[in-house]
$ cat coords.cif   # mmCIF, C-alpha atoms
data_upload
loop_
_atom_site.group_PDB
_atom_site.id
_atom_site.type_symbol
_atom_site.label_atom_id
_atom_site.label_comp_id
_atom_site.auth_asym_id
_atom_site.auth_seq_id
_atom_site.Cartn_x
_atom_site.Cartn_y
_atom_site.Cartn_z
ATOM 1 C CA MET A 9 12.629 12.839 7.689
ATOM 2 C CA THR A 10 9.347 12.084 5.954
ATOM 3 C CA ASN A 11 6.785 14.536 4.655
ATOM 4 C CA VAL A 12 3.575 13.449 2.898
ATOM 5 C CA GLN A 13 1.061 15.980 1.574
ATOM 6 C CA LEU A 14 -2.098 15.787 -0.509
ATOM 7 C CA CYS A 15 -2.276 18.741 -2.861
ATOM 8 C CA GLY A 16 -4.334 19.927 -5.832
ATOM 9 C CA ASP A 17 -7.117 18.242 -7.768
ATOM 10 C CA ARG A 18 -6.702 16.953 -11.327
ATOM 11 C CA ASN A 19 -10.501 17.135 -11.718
ATOM 12 C CA HIS A 20 -10.619 20.790 -10.604
ATOM 13 C CA GLY A 21 -13.676 22.486 -12.042
ATOM 14 C CA SER A 22 -15.522 19.246 -12.896
ATOM 15 C CA LYS A 23 -18.176 17.270 -11.038
ATOM 16 C CA LYS A 24 -15.994 14.156 -10.948
ATOM 17 C CA ALA A 25 -14.498 12.789 -7.728
ATOM 18 C CA GLU A 26 -11.454 14.589 -6.367
ATOM 19 C CA GLN A 27 -8.145 13.306 -7.753
ATOM 20 C CA PRO A 28 -5.330 14.947 -5.781
ATOM 21 C CA TYR A 29 -1.585 14.535 -6.009
ATOM 22 C CA ARG A 30 0.357 13.052 -3.102
ATOM 23 C CA VAL A 31 3.787 14.603 -2.585
ATOM 24 C CA VAL A 32 6.207 12.324 -0.730
ATOM 25 C CA LEU A 33 9.555 13.568 0.584
ATOM 26 C CA GLY A 34 11.832 11.029 2.220
ATOM 27 C CA GLU A 35 15.492 10.426 2.831
ATOM 28 C CA GLN A 36 17.810 7.768 1.478
ATOM 29 C CA ASN A 37 21.561 7.520 2.048
ATOM 30 C CA GLY A 38 21.672 11.000 3.607
ATOM 31 C CA GLN A 39 19.957 12.845 0.766
ATOM 32 C CA SER A 40 16.385 13.728 -0.075
ATOM 33 C CA ALA A 41 14.151 11.644 -2.338
ATOM 34 C CA LEU A 42 11.051 13.302 -3.810
ATOM 35 C CA PHE A 43 8.102 11.589 -5.480
ATOM 36 C CA VAL A 44 4.698 12.731 -6.728
ATOM 37 C CA GLN A 45 1.796 10.317 -7.006
ATOM 38 C CA TRP A 46 -1.384 10.770 -9.054
ATOM 39 C CA MET A 47 -4.123 9.599 -6.672
ATOM 40 C CA ASN A 48 -7.492 8.156 -7.705
ATOM 41 C CA GLN A 49 -10.674 7.462 -5.776
ATOM 42 C CA PRO A 50 -11.837 3.842 -6.117
ATOM 43 C CA GLU A 51 -15.328 3.449 -7.607
ATOM 44 C CA GLY A 52 -18.048 3.015 -4.999
ATOM 45 C CA ALA A 53 -15.912 3.973 -1.979
ATOM 46 C CA ASP A 54 -18.024 5.505 0.809
ATOM 47 C CA SER A 55 -15.224 7.779 1.998
ATOM 48 C CA TRP A 56 -12.095 9.072 0.311
ATOM 49 C CA ARG A 57 -9.544 6.272 -0.052
ATOM 50 C CA GLY A 58 -6.822 7.388 -2.362
ATOM 51 C CA VAL A 59 -5.072 4.802 -4.494
ATOM 52 C CA ALA A 60 -1.804 5.695 -6.233
ATOM 53 C CA ALA A 61 -2.420 5.397 -9.973
ATOM 54 C CA HIS A 62 1.031 6.650 -11.029
ATOM 55 C CA THR A 63 4.282 7.555 -9.249
ATOM 56 C CA MET A 64 7.016 9.826 -10.612
ATOM 57 C CA GLY A 65 10.463 10.551 -9.203
ATOM 58 C CA PHE A 66 12.888 13.295 -10.189
ATOM 59 C CA ALA A 67 16.426 12.364 -11.244
ATOM 60 C CA GLU A 68 17.598 15.941 -10.617
ATOM 61 C CA ILE A 69 16.953 15.330 -6.900
ATOM 62 C CA ASN A 70 16.843 11.552 -6.385
ATOM 63 C CA ALA A 71 19.876 10.397 -8.408
ATOM 64 C CA ASP A 72 22.719 8.879 -6.397
ATOM 65 C CA LYS A 73 25.300 11.391 -5.243
ATOM 66 C CA THR A 74 23.317 14.584 -5.930
ATOM 67 C CA GLY A 75 23.707 15.235 -2.216
ATOM 68 C CA LEU A 76 20.645 17.497 -2.074
ATOM 69 C CA THR A 77 18.534 17.950 1.031
ATOM 70 C CA LEU A 78 15.107 19.575 0.768
ATOM 71 C CA SER A 79 13.417 21.384 3.648
ATOM 72 C CA ASN A 80 10.343 23.566 4.170
ATOM 73 C CA LEU A 81 8.503 21.742 1.382
ATOM 74 C CA ARG A 82 5.363 23.533 0.213
ATOM 75 C CA CYS A 83 2.777 22.489 -2.350
ATOM 76 C CA THR A 84 0.260 24.809 -3.986
ATOM 77 C CA THR A 85 -2.383 24.275 -6.641
ATOM 78 C CA ARG A 86 -2.002 25.674 -10.162
ATOM 79 C CA GLY A 87 -5.060 24.815 -12.263
ATOM 80 C CA LYS A 88 -5.091 21.021 -12.578
ATOM 81 C CA GLY A 89 -1.379 20.799 -11.713
ATOM 82 C CA ILE A 90 0.705 21.628 -8.662
ATOM 83 C CA VAL A 91 3.756 23.713 -7.775
ATOM 84 C CA ILE A 92 6.246 22.390 -5.228
ATOM 85 C CA SER A 93 8.749 24.720 -3.624
ATOM 86 C CA ALA A 94 11.449 24.002 -1.055
ATOM 87 C CA ASN A 95 14.722 25.201 0.390
ATOM 88 C CA VAL A 96 17.689 23.218 -0.935
ATOM 89 C CA SER A 97 21.013 22.524 0.746
ATOM 90 C CA GLY A 98 23.977 20.435 -0.371
ATOM 91 C CA GLY A 99 24.997 19.640 -3.909
ATOM 92 C CA PRO A 100 27.584 21.566 -5.940
ATOM 93 C CA LYS A 101 28.980 24.719 -4.316
ATOM 94 C CA THR A 102 27.279 23.866 -1.025
ATOM 95 C CA SER A 103 27.796 27.328 0.466
ATOM 96 C CA LYS A 104 25.030 28.707 -1.760
ATOM 97 C CA ARG A 105 21.459 28.751 -0.536
ATOM 98 C CA ARG A 106 19.084 27.483 -3.174
ATOM 99 C CA THR A 107 15.385 27.201 -3.718
ATOM 100 C CA LEU A 108 13.474 24.618 -5.725
ATOM 101 C CA HIS A 109 10.515 25.453 -7.961
ATOM 102 C CA LEU A 110 8.893 22.353 -9.466
ATOM 103 C CA GLU A 111 5.724 22.422 -11.597
ATOM 104 C CA VAL A 112 4.005 19.034 -12.036
ATOM 105 C CA GLY A 113 1.070 17.781 -14.117
ATOM 106 C CA PRO A 114 -1.625 17.353 -14.864
ATOM 107 C CA ALA A 115 -0.264 15.115 -17.655
ATOM 108 C CA LEU A 116 1.729 12.097 -16.508
ATOM 109 C CA GLU A 117 5.505 12.593 -16.525
ATOM 110 C CA LYS A 118 5.151 16.309 -17.352
ATOM 111 C CA TYR A 119 7.185 18.618 -15.131
ATOM 112 C CA GLU A 120 9.475 21.648 -15.110
ATOM 113 C CA ILE A 121 12.168 22.005 -12.470
ATOM 114 C CA LYS A 122 14.219 25.056 -11.610
ATOM 115 C CA PHE A 123 16.891 25.634 -8.954
ATOM 116 C CA THR A 124 17.766 29.215 -7.982
ATOM 117 C CA PRO A 125 20.693 29.708 -8.202
ATOM 118 C CA PRO A 126 21.143 26.927 -10.778
ATOM 119 C CA LEU A 127 22.973 23.689 -10.001
ATOM 120 C CA LYS A 128 26.254 23.389 -11.902
#

$ encode --input "coords.cif" --output "structure tokens"
Amino acid sequence: MTNVQLCGDRNHGSKKAEQPYRVVLGEQNGQSALFVQWMNQPEGADSWRGVAAHTMGFAEINADKTGLTLSNLRCTTRGKGIVISANVSGGPKTSKRRTLHLEVGPALEKYEIKFTPPLK
């Protein structure tokens, strides 16, 4: 399972080149791994060629043995940041259905994560 999406624009509202986020969902050892990349446009490029300027992972999802699987990943824009939502299966008390709400950026390493119902 791999899902890659471009989402948002850190330069929203300015005349500068678009700087989206790239959301990457993969799988490792039977569980999901989620990363967000801050993408930049190289100077002088004729067409959009995004270059990853920064990559961030999320220990709450990616750490060994969390056992979480994400599906139906969606990314929406919120100002200069993004909001990622997904269905979550696995983890503690696996019979519960969960959702993920993750707000990222625009500052590097700034995010808020919430599972409903909470992980215990």

$ residues_around --input "coords.cif" --residues "Gly113 (chain A)" --least-positions-apart "6" --cutoff "7 Å" --atoms "all atoms listed in the file" --output "list of chain:residue names"
A:Gly89, A:Ile90, A:Tyr119

$ closest_atom_pairs --input "coords.cif" --of "region 104-128 of chain A" --to "region 72-83 of chain A" --cutoff "10 Å" --atoms "only C-alpha atoms" --output "Markdown table"
| residue | atom | partner | partner_atom | distance |
| --- | --- | --- | --- | --- |
| A:Arg106 | CA | A:Leu78 | CA | 9.7 |
| A:Thr107 | CA | A:Leu78 | CA | 8.9 |
| A:Leu108 | CA | A:Leu78 | CA | 8.4 |
| A:His109 | CA | A:Arg82 | CA | 9.9 |
| A:Leu110 | CA | A:Cys83 | CA | 9.4 |
| A:Glu111 | CA | A:Cys83 | CA | 9.7 |
| A:Leu127 | CA | A:Thr74 | CA | 10.0 |

$ axis_aligned_box --input "coords.cif" --around "region 24-31 of chain A" --padding-each-side "6 Å" --output "AutoDock Vina command-line options"
--center_x -6.1 --center_y 13.9 --center_z -6.8 --size_x 31.8 --size_y 14.2 --size_z 20.4

$ closest_residue --input "coords.cif" --among "A:Ser97, A:Gly87, A:Leu33, A:Gln39" --to "Asn19 (chain A)" --atoms "all atoms listed in the file"
A:Gly87

$ atom_distance --input "coords.cif" --atom1 "CA of Ser40 (chain A)" --atom2 "CA of Glu26 (chain A)"
28.6 Å

$ residues_near_point --input "coords.cif" --point "(-2.3, 2.8, -7.1)" --cutoff "9 Å" --atoms "all atoms listed in the file" --output "number ranges by chain"
A: 45-48, 58-63

$ write_last_selection --input "coords.cif" --atoms "C-alpha atoms" --output "short mmCIF file (atom, residue, chain, number, x, y, z; two decimals), in the frame of the given file"
data_model
loop_
_atom_site.label_atom_id
_atom_site.label_comp_id
_atom_site.auth_asym_id
_atom_site.auth_seq_id
_atom_site.Cartn_x
_atom_site.Cartn_y
_atom_site.Cartn_z
CA GLN A 45 1.80 10.32 -7.01
CA TRP A 46 -1.38 10.77 -9.05
CA MET A 47 -4.12 9.60 -6.67
CA ASN A 48 -7.49 8.16 -7.70
CA GLY A 58 -6.82 7.39 -2.36
CA VAL A 59 -5.07 4.80 -4.49
CA ALA A 60 -1.80 5.70 -6.23
CA ALA A 61 -2.42 5.40 -9.97
CA HIS A 62 1.03 6.65 -11.03
CA THR A 63 4.28 7.56 -9.25
#

$ closest_residue --input "coords.cif" --among "A:Pro50, A:Gly98, A:Pro126, A:Gly65" --to "Ala25 (chain A)" --atoms "only C-alpha atoms"
A:Pro50

$ closest_residue --input "coords.cif" --among "A:Arg86, A:Arg57, A:Lys128, A:Lys104" --to "Gln27 (chain A)" --atoms "all atoms listed in the file"
A:Arg57

$ atom_distance --input "coords.cif" --atom1 "CA of Asn37 (chain A)" --atom2 "CA of Ile69 (chain A)"
12.7 Å

$ atom_distance --input "coords.cif" --atom1 "CA of Met64 (chain A)" --atom2 "CA of Val12 (chain A)"
14.4 Å

$ closest_residue --input "coords.cif" --among "A:Thr10, A:Asn70, A:Ser22, A:Thr124" --to "Ala94 (chain A)" --atoms "all atoms listed in the file"
A:Thr124

$ closest_residue --input "coords.cif" --among "A:Gly99, A:Ala71, A:Val112, A:Pro125" --to "Tyr29 (chain A)" --atoms "all atoms listed in the file"
A:Val112
